[in-house]
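Pasting protein14.cif here (mmCIF, C-alpha atoms and all ligand atoms):
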data_target
loop_
_atom_site.label_atom_id
_atom_site.label_comp_id
_atom_site.auth_asym_id
_atom_site.auth_seq_id
_atom_site.Cartn_x
_atom_site.Cartn_y
_atom_site.Cartn_z
CA MET A 1 147.83 98.79 71.14
CA ALA A 2 147.19 95.02 71.20
CA THR A 3 149.56 92.83 73.19
CA LYS A 4 150.87 89.43 72.21
CA LYS A 5 152.67 87.00 74.48
CA ILE A 6 153.29 83.31 75.06
CA GLN A 7 153.16 81.93 78.58
CA VAL A 8 154.57 78.50 79.25
CA ILE A 9 152.62 76.99 82.11
CA SER A 10 154.97 75.03 84.27
CA HIS A 11 154.12 71.33 84.54
CA ASP A 12 155.97 68.05 84.51
CA GLU A 13 155.86 67.68 80.74
CA VAL A 14 157.41 71.14 80.28
CA ASP A 15 159.81 71.09 83.25
CA HIS A 16 160.99 67.48 82.89
CA PRO A 17 160.13 66.52 79.29
CA THR A 18 162.56 63.60 79.07
CA HIS A 19 161.39 62.17 82.38
CA GLU A 20 157.71 62.44 81.37
CA LEU A 21 158.38 60.96 77.92
CA ALA A 22 160.30 58.08 79.57
CA LEU A 23 157.38 57.34 81.94
CA SER A 24 154.80 57.43 79.12
CA VAL A 25 156.91 55.12 76.95
CA LEU A 26 157.63 52.72 79.83
CA GLU A 27 153.94 52.53 80.70
CA GLY A 28 152.76 52.24 77.10
CA LEU A 29 155.22 49.60 75.92
CA SER A 30 154.65 47.55 79.10
CA ASN A 31 150.90 47.48 78.35
CA ARG A 32 149.26 44.50 76.65
CA PRO A 33 148.48 45.36 73.88
CA LYS A 34 151.36 47.83 73.58
CA SER A 35 150.36 51.47 73.08
CA LEU A 36 151.81 54.98 73.03
CA PRO A 37 149.74 58.05 73.99
CA SER A 38 148.71 60.20 71.02
CA ARG A 39 149.99 63.44 72.61
CA LEU A 40 153.52 62.12 71.85
CA PHE A 41 152.87 62.89 68.17
CA TYR A 42 153.19 66.62 68.72
CA ASP A 43 156.85 67.52 69.13
CA ASP A 44 158.16 70.20 66.71
CA VAL A 45 158.61 67.72 63.83
CA GLY A 46 155.21 66.09 64.52
CA SER A 47 153.41 69.46 64.63
CA ASP A 48 154.93 70.29 61.24
CA LEU A 49 153.89 66.89 59.82
CA PHE A 50 150.34 67.44 61.10
CA ARG A 51 150.24 70.76 59.21
CA GLN A 52 151.15 68.77 56.06
CA ILE A 53 148.41 66.19 56.82
CA MET A 54 145.81 68.97 57.02
CA LYS A 55 146.67 69.99 53.44
CA LEU A 56 146.30 66.45 51.99
CA ASP A 57 143.50 65.81 49.45
CA GLU A 58 142.35 62.77 51.43
CA TYR A 59 142.24 64.55 54.81
CA TYR A 60 138.67 65.93 54.61
CA PRO A 61 138.18 67.07 58.30
CA THR A 62 140.19 70.30 57.90
CA ARG A 63 138.46 71.35 54.67
CA CYS A 64 134.99 70.51 56.03
CA GLU A 65 135.52 72.44 59.24
CA ALA A 66 137.06 75.41 57.38
CA GLU A 67 133.94 75.48 55.17
CA ILE A 68 131.71 75.55 58.29
CA LEU A 69 133.68 78.35 59.97
CA GLU A 70 133.90 80.42 56.81
CA LYS A 71 130.30 80.09 55.61
CA GLN A 72 128.49 79.83 58.94
CA GLY A 73 130.80 81.83 61.21
CA SER A 74 128.39 84.74 61.54
CA LYS A 75 125.53 82.37 62.39
CA ILE A 76 127.69 80.74 65.06
CA LEU A 77 128.57 84.16 66.50
CA SER A 78 124.94 85.32 66.48
CA HIS A 79 124.51 83.16 69.61
CA LEU A 80 127.07 85.29 71.44
CA LYS A 81 125.28 88.37 72.73
CA GLU A 82 128.29 90.03 74.38
CA THR A 83 130.52 92.40 72.39
CA ASN A 84 133.53 91.76 74.62
CA PHE A 85 134.65 88.20 75.40
CA ASN A 86 137.51 85.71 75.76
CA LEU A 87 138.06 83.31 72.87
CA VAL A 88 139.86 80.33 74.41
CA GLU A 89 141.08 77.58 72.08
CA LEU A 90 142.15 74.19 73.47
CA GLY A 91 144.66 72.22 71.36
CA CYS A 92 144.79 75.10 68.86
CA GLY A 93 147.44 73.72 66.46
CA ASP A 94 148.42 76.37 63.91
CA GLY A 95 145.05 78.15 64.18
CA ALA A 96 144.65 78.40 60.39
CA LYS A 97 140.91 77.63 60.57
CA THR A 98 140.37 79.86 63.61
CA ILE A 99 141.52 82.85 61.56
CA LEU A 100 138.33 82.40 59.48
CA LEU A 101 136.25 82.79 62.63
CA LEU A 102 138.40 85.67 63.91
CA LYS A 103 137.73 87.60 60.68
CA ASN A 104 134.01 87.08 61.23
CA ILE A 105 134.28 88.30 64.83
CA LEU A 106 136.06 91.48 63.75
CA GLU A 107 133.52 92.13 60.98
CA GLN A 108 130.86 92.12 63.69
CA ASN A 109 132.81 94.75 65.64
CA LYS A 110 133.13 92.48 68.64
CA SER A 111 136.26 92.80 70.75
CA LEU A 112 138.04 89.86 72.25
CA LYS A 113 141.07 88.47 73.99
CA TYR A 114 142.30 85.35 72.19
CA VAL A 115 143.84 82.60 74.37
CA PRO A 116 145.16 79.75 72.17
CA LEU A 117 146.49 76.78 74.17
CA ASP A 118 148.53 73.81 72.97
CA ILE A 119 150.90 71.29 74.49
CA SER A 120 153.27 72.00 71.58
CA LYS A 121 155.21 75.27 71.80
CA ALA A 122 155.93 75.00 68.05
CA ALA A 123 152.17 74.92 67.38
CA VAL A 124 151.52 78.07 69.45
CA GLU A 125 154.46 79.83 67.77
CA SER A 126 153.23 78.94 64.28
CA LEU A 127 149.75 80.16 65.22
CA LEU A 128 151.20 83.54 66.24
CA GLU A 129 153.12 83.69 62.93
CA ASN A 130 149.88 82.93 61.03
CA LEU A 131 148.07 85.69 62.93
CA GLU A 132 150.82 88.19 62.11
CA ALA A 133 150.75 87.21 58.44
CA GLU A 134 146.96 87.64 58.33
CA PHE A 135 146.53 90.88 60.27
CA ASN A 136 148.95 93.76 59.71
CA GLU A 137 148.43 95.04 63.20
CA LEU A 138 146.82 92.64 65.62
CA PRO A 139 143.41 94.11 66.45
CA PHE A 140 143.07 92.07 69.69
CA ASP A 141 145.22 90.83 72.60
CA VAL A 142 146.64 87.32 72.31
CA GLN A 143 147.90 85.24 75.18
CA GLY A 144 149.29 81.94 73.91
CA LEU A 145 149.51 79.19 76.53
CA VAL A 146 151.84 76.21 76.24
CA ALA A 147 150.09 73.73 78.48
CA GLU A 148 148.27 70.42 78.77
CA TYR A 149 144.45 70.56 78.44
CA PHE A 150 143.70 70.07 82.13
CA GLN A 151 146.16 72.76 83.15
CA GLY A 152 144.49 75.02 80.63
CA LEU A 153 141.18 74.32 82.32
CA THR A 154 142.68 75.23 85.72
CA TRP A 155 144.05 78.44 84.16
CA LEU A 156 140.53 79.17 82.88
CA THR A 157 139.03 78.76 86.35
CA GLU A 158 141.56 81.17 87.83
CA ASN A 159 141.62 83.79 85.07
CA VAL A 160 138.29 84.14 83.34
CA ALA A 161 135.89 86.76 84.58
CA GLN A 162 133.96 87.76 81.48
CA ARG A 163 132.00 85.74 78.89
CA ASN A 164 133.97 82.89 77.29
CA LEU A 165 133.69 81.14 73.96
CA VAL A 166 135.83 77.98 74.09
CA LEU A 167 136.88 76.31 70.83
CA PHE A 168 137.81 72.63 70.73
CA LEU A 169 138.16 72.12 66.99
CA GLY A 170 139.60 69.58 64.56
CA SER A 171 137.88 66.65 66.29
CA ASN A 172 140.51 66.78 69.05
CA ILE A 173 137.74 65.25 71.19
CA GLY A 174 137.90 62.13 68.99
CA ASN A 175 141.23 61.19 70.61
CA PHE A 176 139.34 60.48 73.85
CA ASN A 177 137.34 57.31 74.41
CA ARG A 178 133.82 57.74 75.85
CA PRO A 179 134.77 57.80 79.61
CA MET A 180 137.70 60.17 78.95
CA ALA A 181 135.51 62.46 76.80
CA LEU A 182 132.86 62.60 79.56
CA ARG A 183 135.53 63.40 82.17
CA PHE A 184 137.10 66.09 80.00
CA LEU A 185 133.76 67.75 79.19
CA ARG A 186 132.64 67.73 82.84
CA HIS A 187 135.99 69.26 83.84
CA LEU A 188 135.43 71.92 81.15
CA TRP A 189 131.91 72.58 82.52
CA HIS A 190 133.35 73.12 86.03
CA SER A 191 135.93 75.57 84.64
CA LEU A 192 133.34 77.80 82.94
CA ASN A 193 130.57 80.18 84.00
CA ASP A 194 126.84 79.76 83.47
CA GLY A 195 126.00 80.90 79.92
CA ASP A 196 129.54 80.47 78.49
CA LEU A 197 129.69 78.87 75.04
CA VAL A 198 131.73 75.97 73.71
CA LEU A 199 132.19 75.06 70.02
CA ILE A 200 133.31 71.45 69.56
CA GLY A 201 134.33 69.82 66.26
CA PHE A 202 133.01 66.26 65.85
CA ASP A 203 133.96 64.05 62.91
CA LEU A 204 130.86 62.11 61.85
CA LYS A 205 130.51 58.44 60.93
CA LYS A 206 130.67 58.03 57.17
CA ASP A 207 131.62 55.79 54.22
CA LEU A 208 134.48 53.58 55.38
CA ASP A 209 136.50 54.14 52.18
CA VAL A 210 136.56 57.90 52.85
CA LEU A 211 137.76 57.22 56.41
CA TYR A 212 140.34 54.66 55.31
CA ASP A 213 141.88 56.97 52.69
CA ALA A 214 142.05 59.90 55.14
CA TYR A 215 144.16 57.89 57.60
CA ASN A 216 146.27 56.01 55.02
CA ASP A 217 147.23 58.80 52.61
CA LYS A 218 149.02 58.04 49.33
CA LYS A 219 151.97 60.37 50.04
CA GLY A 220 152.66 58.51 53.30
CA ILE A 221 152.65 61.65 55.50
CA THR A 222 150.43 59.98 58.12
CA LYS A 223 152.89 57.09 58.18
CA LYS A 224 155.78 59.57 58.78
CA PHE A 225 153.69 61.25 61.51
CA ASN A 226 153.43 57.87 63.30
CA PHE A 227 157.09 56.88 62.74
CA ASN A 228 158.16 60.27 64.13
CA VAL A 229 157.12 59.02 67.59
CA LEU A 230 159.62 56.13 67.28
CA ASP A 231 162.31 58.56 66.02
CA ARG A 232 161.55 60.80 69.00
CA ILE A 233 162.02 57.84 71.39
CA ASN A 234 165.30 56.96 69.63
CA GLN A 235 166.65 60.51 69.82
CA THR A 236 165.46 61.49 73.29
CA LEU A 237 165.60 58.19 75.16
CA GLY A 238 168.38 56.36 73.26
CA GLY A 239 166.04 53.80 71.71
CA ASN A 240 166.98 51.62 68.75
CA PHE A 241 163.63 51.32 66.94
CA ASP A 242 164.19 50.48 63.26
CA CYS A 243 161.17 52.00 61.46
CA SER A 244 161.77 49.78 58.40
CA LYS A 245 160.74 46.81 60.57
CA PHE A 246 157.32 48.32 61.31
CA GLN A 247 154.29 48.79 59.10
CA HIS A 248 151.78 51.62 59.56
CA GLN A 249 148.06 50.95 59.25
CA GLY A 250 144.94 53.00 59.99
CA LEU A 251 141.93 50.75 60.60
CA TYR A 252 138.26 51.39 61.36
CA ASN A 253 136.97 49.56 64.43
CA ILE A 254 133.34 48.77 63.60
CA GLN A 255 132.48 47.98 67.24
CA SER A 256 133.87 51.13 68.84
CA GLY A 257 133.35 53.48 65.86
CA ALA A 258 136.94 54.75 65.91
CA MET A 259 139.70 54.98 63.33
CA GLU A 260 142.70 53.44 65.08
CA SER A 261 146.34 53.89 64.07
CA TYR A 262 148.84 51.11 64.56
CA LEU A 263 152.53 50.48 64.01
CA ILE A 264 152.91 46.72 63.47
CA SER A 265 156.17 44.85 64.01
CA GLN A 266 156.88 42.87 60.82
CA GLU A 267 159.13 40.40 62.57
CA GLU A 268 160.15 39.10 65.99
CA GLN A 269 162.51 41.73 67.41
CA ILE A 270 163.87 43.29 70.58
CA VAL A 271 163.99 47.07 70.96
CA HIS A 272 166.36 48.46 73.60
CA ILE A 273 165.69 51.84 75.23
CA LYS A 274 168.83 53.06 77.00
CA GLU A 275 167.21 55.69 79.26
CA LEU A 276 164.81 53.03 80.58
CA GLY A 277 167.53 50.35 80.78
CA LYS A 278 164.97 47.98 79.28
CA ASP A 279 164.38 45.65 76.35
CA PHE A 280 160.93 45.41 74.77
CA LYS A 281 160.17 42.19 72.92
CA PHE A 282 157.93 42.22 69.86
CA ALA A 283 156.31 39.07 68.46
CA PRO A 284 155.88 38.95 64.66
CA TRP A 285 152.90 41.17 63.66
CA GLU A 286 152.50 42.54 67.17
CA PRO A 287 150.93 46.04 67.08
CA ILE A 288 151.62 49.27 68.98
CA HIS A 289 148.38 51.20 69.26
CA MET A 290 149.12 54.87 68.44
CA GLU A 291 145.84 56.79 68.27
CA TYR A 292 142.06 56.69 68.48
CA SER A 293 140.00 58.99 66.33
CA TYR A 294 136.40 58.38 67.33
CA LYS A 295 133.60 59.11 64.85
CA TYR A 296 130.15 60.25 65.98
CA LEU A 297 126.44 60.16 65.28
CA ASP A 298 124.05 62.96 66.20
CA GLN A 299 122.82 60.92 69.17
CA ASP A 300 126.38 60.55 70.53
CA ILE A 301 126.77 64.36 70.51
CA GLN A 302 123.43 64.75 72.30
CA PHE A 303 124.44 62.16 74.88
CA LEU A 304 127.81 63.83 75.59
CA SER A 305 126.28 67.30 76.03
CA ARG A 306 123.34 66.14 78.13
CA SER A 307 125.53 64.01 80.43
CA THR A 308 127.96 66.83 81.18
CA GLY A 309 125.69 69.84 81.85
CA PHE A 310 125.58 71.55 78.46
CA GLU A 311 122.68 72.51 76.19
CA ILE A 312 123.15 72.19 72.42
CA LEU A 313 122.32 75.56 70.83
CA GLU A 314 122.91 74.58 67.19
CA ASN A 315 124.81 72.10 65.05
CA PHE A 316 126.70 73.44 62.02
CA THR A 317 127.48 70.93 59.26
CA ASP A 318 129.47 71.10 56.00
CA GLU A 319 127.78 70.49 52.65
CA LYS A 320 128.88 66.84 52.47
CA GLY A 321 127.61 66.14 55.99
CA TYR A 322 131.03 64.81 57.05
CA PHE A 323 131.70 67.07 60.05
CA VAL A 324 129.80 68.99 62.73
CA ASP A 325 130.78 72.01 64.78
CA SER A 326 128.37 71.77 67.69
CA LEU A 327 127.70 74.92 69.73
CA TRP A 328 126.95 74.24 73.40
CA LYS A 329 125.93 76.48 76.29
CA VAL A 330 126.97 75.91 79.91
CA LYS A 331 123.92 75.39 82.15
CA LYS A 332 124.50 75.84 85.89
C1 LIG B 1 144.53 67.04 65.66
S1 LIG B 1 145.46 68.48 66.07
C2 LIG B 1 144.19 69.71 65.77
C3 LIG B 1 144.66 71.12 65.86
C4 LIG B 1 143.55 72.18 65.74
N1 LIG B 1 142.54 72.06 66.79
C5 LIG B 1 142.87 72.12 64.39
O1 LIG B 1 141.67 71.86 64.34
O2 LIG B 1 143.55 72.33 63.37
C6 LIG B 1 145.52 68.31 67.82
C7 LIG B 1 146.26 69.45 68.55
O3 LIG B 1 146.03 69.25 69.96
C8 LIG B 1 147.28 69.36 70.66
N2 LIG B 1 147.21 68.46 71.82
C9 LIG B 1 147.16 67.09 71.80
N3 LIG B 1 147.07 66.60 73.06
C10 LIG B 1 147.07 67.70 73.88
C11 LIG B 1 146.98 67.85 75.30
N4 LIG B 1 146.89 66.78 76.09
N5 LIG B 1 147.00 69.10 75.79
C12 LIG B 1 147.11 70.20 74.99
N6 LIG B 1 147.18 70.11 73.63
C13 LIG B 1 147.16 68.88 73.09
C14 LIG B 1 148.34 68.95 69.66
O4 LIG B 1 149.62 69.48 69.96
C15 LIG B 1 147.76 69.45 68.33
O5 LIG B 1 148.21 70.75 68.02
#

Could you write out this structure as structure tokens?
Ligand SMILES: C[S@@+](CC[C@H](N)C(=O)[O-])C[C@H]1O[C@@H](n2cnc3c(N)ncnc32)[C@H](O)[C@@H]1O
Amino acid sequence: MATKKIQVISHDEVDHPTHELALSVLEGLSNRPKSLPSRLFYDDVGSDLFRQIMKLDEYYPTRCEAEILEKQGSKILSHLKETNFNLVELGCGDGAKTILLLKNILEQNKSLKYVPLDISKAAVESLLENLEAEFNELPFDVQGLVAEYFQGLTWLTENVAQRNLVLFLGSNIGNFNRPMALRFLRHLWHSLNDGDLVLIGFDLKKDLDVLYDAYNDKKGITKKFNFNVLDRINQTLGGNFDCSKFQHQGLYNIQSGAMESYLISQEEQIVHIKELGKDFKFAPWEPIHMEYSYKYLDQDIQFLSRSTGFEILENFTDEKGYFVDSLWKVKK
């Protein structure tokens, strides 16, 4: 009988969430230019808003990656020789796309332990609900982890004995700039065994109108997703952000190759945050940087793998050529 459990890995963000949020906000709003880290998006409300974003007509990454996993899942799995392995997913979200790959794995009579990890407990819980809705009786063990990426990597080092396939889907990697991506991937390499596999979703560079529409949707869900961070600061830290005085904008940075999200103060204003005992002054049209979403070329993917000790086994692309799931092998 398959087992299913959620383990919350103790760390500052779990044990002292208000304290950690306060430090992130203090640091970010004291920066010039002001910024807030993108992991703050994913409280329970934010995780739910992201699920709505994934269903938007304009938000192509989810559809493209689902197409890859559905149509090319068996080809991806043909690189995995073992019949028994750990499927570890970093930043799993609701796992809706992963279910497509899981079905493929089961069709091939492979057996696995699935370890989905996310910083958001709500995301891991919704993933477990999705799994239950999809499979009458779970045909594999699931150990959900509520943890930050780097803690997940430490968990991997301590717990993984057999072959691992690590998923890092949805272009989560795009939230890291180049030095952070290199650091993360090298840390991942250290946490894995020789011959382990990693499947990473990269959003490719493409027509700027397609990018612009995806990050500035007509229904305004992406805008709500951004404003939710200000609401979260108001509710948890006693802030007095007035969202109606900020404008949301997703812009493509031609130099860095990233979509960047901003909340822009429409007037001169002072925001007070009670828990921090501090005022933050905004000049008219001053931005808060909210998120990077880097876009890639084939050569960027090659550079990242080569620099961090991986070998690219195969790249899997959707029909439009918008997205790549790149399968890498650990070389030690
Ligand atoms: C863009 S969503 C993608 C979700 C999923 N990979 C997919 O493709 O649908 C990013 C996910 O990563 C999680 N996340 C963001 N920063 C994280 C961190 N530092 N550690 C662990 N999870 C994180 C978020 O909670 C969210 O569920």

Requested in this report: Considering all atoms listed in the file, return as a PyMOL selection string whatever protein or nucleic-acid residues lie within 12 Å of Glu158 of chain A, sequence-local ones (same chain, fewer than 3 positions apart) excluded.
Outcome: chain A and resi 151-155+161-162+190-193

Which residues of chain A come within 6 Å of ligand LIG 1 (chain B), and for each one, what is the closest pair of atoms and their distance in Å to one decimal, counting all atoms listed in the file, sorted by chain and residue number, as a Markdown table?
| residue | atom | partner | partner_atom | distance |
| --- | --- | --- | --- | --- |
| A:Arg39 | CA | B:LIG1 | N3 | 4.3 |
| A:Tyr42 | CA | B:LIG1 | O4 | 4.7 |
| A:Gly91 | CA | B:LIG1 | O3 | 3.6 |
| A:Cys92 | CA | B:LIG1 | N1 | 4.3 |
| A:Gly93 | CA | B:LIG1 | O5 | 3.4 |
| A:Asp118 | CA | B:LIG1 | N6 | 4.0 |
| A:Ile119 | CA | B:LIG1 | C12 | 4.0 |
| A:Ser120 | CA | B:LIG1 | O4 | 4.7 |
| A:Ala123 | CA | B:LIG1 | O5 | 5.8 |
| A:Ala147 | CA | B:LIG1 | C12 | 5.8 |
| A:Glu148 | CA | B:LIG1 | N5 | 3.5 |
| A:Tyr149 | CA | B:LIG1 | N5 | 4.0 |
| A:Leu169 | CA | B:LIG1 | N1 | 4.4 |
| A:Gly170 | CA | B:LIG1 | O1 | 3.1 |
| A:Asn172 | CA | B:LIG1 | C1 | 5.3 |

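Between atom CA of Lys295 of chain A and atom CA of Pro33 of chain A there is a distance of 22.2 Å.
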
Requested in this report: Between A:Gln249, A:Asn175, A:Ser265, A:Asn109, single out the one closest to Phe225 of chain A, counting only C-alpha atoms.
Outcome: A:Gln249

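Counting from atom CA of Tyr322 of chain A, the distance to atom CA of Pro61 of chain A is 7.6 Å.
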
Report task. Could you jot down the atom CA of Ser244 of chain A to atom CA of Ile288 of chain A separation for me, Å, one decimal place? Result -> 14.7 Å

Report task. Show which residues sit within 10 Å of Lys81 of chain A, as a list in words. Count all atoms listed in the file, and ignore same-chain residues fewer than 4 positions away. Result -> Leu77, Phe85, Lys110 and Arg163 of chain A

For Gly250 of chain A: contacts at 8 Å, only C-alpha atoms, fewer than 4 positions along chain excluded, given as a PDB file with C-alpha atoms, keeping the file's coordinate frame:
ATOM      1  CA  TYR A 212     140.340  54.660  55.310  1.00  0.00           C
ATOM      2  CA  TYR A 215     144.160  57.890  57.600  1.00  0.00           C
ATOM      3  CA  ASN A 216     146.270  56.010  55.020  1.00  0.00           C
ATOM      4  CA  MET A 259     139.700  54.980  63.330  1.00  0.00           C
ATOM      5  CA  GLU A 260     142.700  53.440  65.080  1.00  0.00           C
ATOM      6  CA  SER A 261     146.340  53.890  64.070  1.00  0.00           C
ATOM      7  CA  TYR A 262     148.840  51.110  64.560  1.00  0.00           C
TER       8      TYR A 262
END

Query raised in the report: With distances taken over only C-alpha atoms, which of A:Leu167, A:Leu208, A:Cys243, A:Leu297 is nearest to Asp231 of chain A?
Result: A:Cys243

Can you put all heavy atoms back into segment 269-278 of chain A and show it as a compact mmCIF listing (two decimals), keeping the file's coordinate frame?
# COMPACT_ATOMS: atom_id res chain seq x y z
N GLN A 269 161.36 40.84 67.20
CA GLN A 269 162.51 41.73 67.41
C GLN A 269 162.54 42.22 68.86
O GLN A 269 161.53 42.16 69.58
CB GLN A 269 162.46 42.92 66.46
CG GLN A 269 161.17 43.72 66.47
CD GLN A 269 161.24 44.94 65.55
OE1 GLN A 269 162.23 45.67 65.56
NE2 GLN A 269 160.18 45.18 64.78
N ILE A 270 163.72 42.70 69.24
CA ILE A 270 163.87 43.29 70.58
C ILE A 270 164.32 44.74 70.40
O ILE A 270 165.28 45.01 69.66
CB ILE A 270 164.92 42.52 71.41
CG1 ILE A 270 164.40 41.11 71.72
CG2 ILE A 270 165.23 43.26 72.72
CD1 ILE A 270 165.39 40.21 72.40
N VAL A 271 163.61 45.66 71.03
CA VAL A 271 163.99 47.07 70.96
C VAL A 271 164.54 47.45 72.34
O VAL A 271 163.91 47.19 73.36
CB VAL A 271 162.76 47.94 70.60
CG1 VAL A 271 163.11 49.42 70.72
CG2 VAL A 271 162.27 47.60 69.20
N HIS A 272 165.75 48.04 72.34
CA HIS A 272 166.36 48.46 73.60
C HIS A 272 166.18 49.98 73.76
O HIS A 272 166.39 50.73 72.81
CB HIS A 272 167.84 48.09 73.62
CG HIS A 272 168.51 48.47 74.90
ND1 HIS A 272 168.27 47.80 76.09
CD2 HIS A 272 169.38 49.48 75.21
CE1 HIS A 272 168.97 48.37 77.06
NE2 HIS A 272 169.65 49.39 76.55
N ILE A 273 165.78 50.40 74.96
CA ILE A 273 165.69 51.84 75.23
C ILE A 273 166.62 52.15 76.41
O ILE A 273 166.37 51.75 77.55
CB ILE A 273 164.23 52.28 75.50
CG1 ILE A 273 163.38 51.94 74.26
CG2 ILE A 273 164.15 53.78 75.82
CD1 ILE A 273 161.94 52.36 74.33
N LYS A 274 167.74 52.84 76.06
CA LYS A 274 168.83 53.06 77.00
C LYS A 274 168.38 53.79 78.28
O LYS A 274 168.68 53.35 79.39
CB LYS A 274 169.91 53.91 76.29
CG LYS A 274 171.31 53.60 76.73
CD LYS A 274 172.27 54.18 75.70
CE LYS A 274 173.46 54.81 76.39
NZ LYS A 274 174.14 55.74 75.49
N GLU A 275 167.64 54.89 78.10
CA GLU A 275 167.21 55.69 79.26
C GLU A 275 166.37 54.87 80.24
O GLU A 275 166.32 55.17 81.43
CB GLU A 275 166.36 56.89 78.82
CG GLU A 275 167.14 58.07 78.33
CD GLU A 275 167.87 58.83 79.45
OE1 GLU A 275 167.31 58.93 80.55
OE2 GLU A 275 169.00 59.27 79.19
N LEU A 276 165.66 53.87 79.71
CA LEU A 276 164.81 53.03 80.58
C LEU A 276 165.57 51.81 81.06
O LEU A 276 165.10 51.08 81.94
CB LEU A 276 163.54 52.59 79.83
CG LEU A 276 162.60 53.70 79.32
CD1 LEU A 276 161.45 53.10 78.52
CD2 LEU A 276 162.05 54.50 80.49
N GLY A 277 166.75 51.55 80.43
CA GLY A 277 167.53 50.35 80.78
C GLY A 277 166.71 49.09 80.54
O GLY A 277 166.80 48.13 81.31
N LYS A 278 165.90 49.09 79.48
CA LYS A 278 164.97 47.98 79.28
C LYS A 278 164.90 47.53 77.83
O LYS A 278 165.04 48.34 76.91
CB LYS A 278 163.55 48.44 79.69
CG LYS A 278 163.13 47.97 81.08
CD LYS A 278 161.71 48.35 81.38
CE LYS A 278 160.73 47.25 81.05
NZ LYS A 278 160.65 46.18 82.00
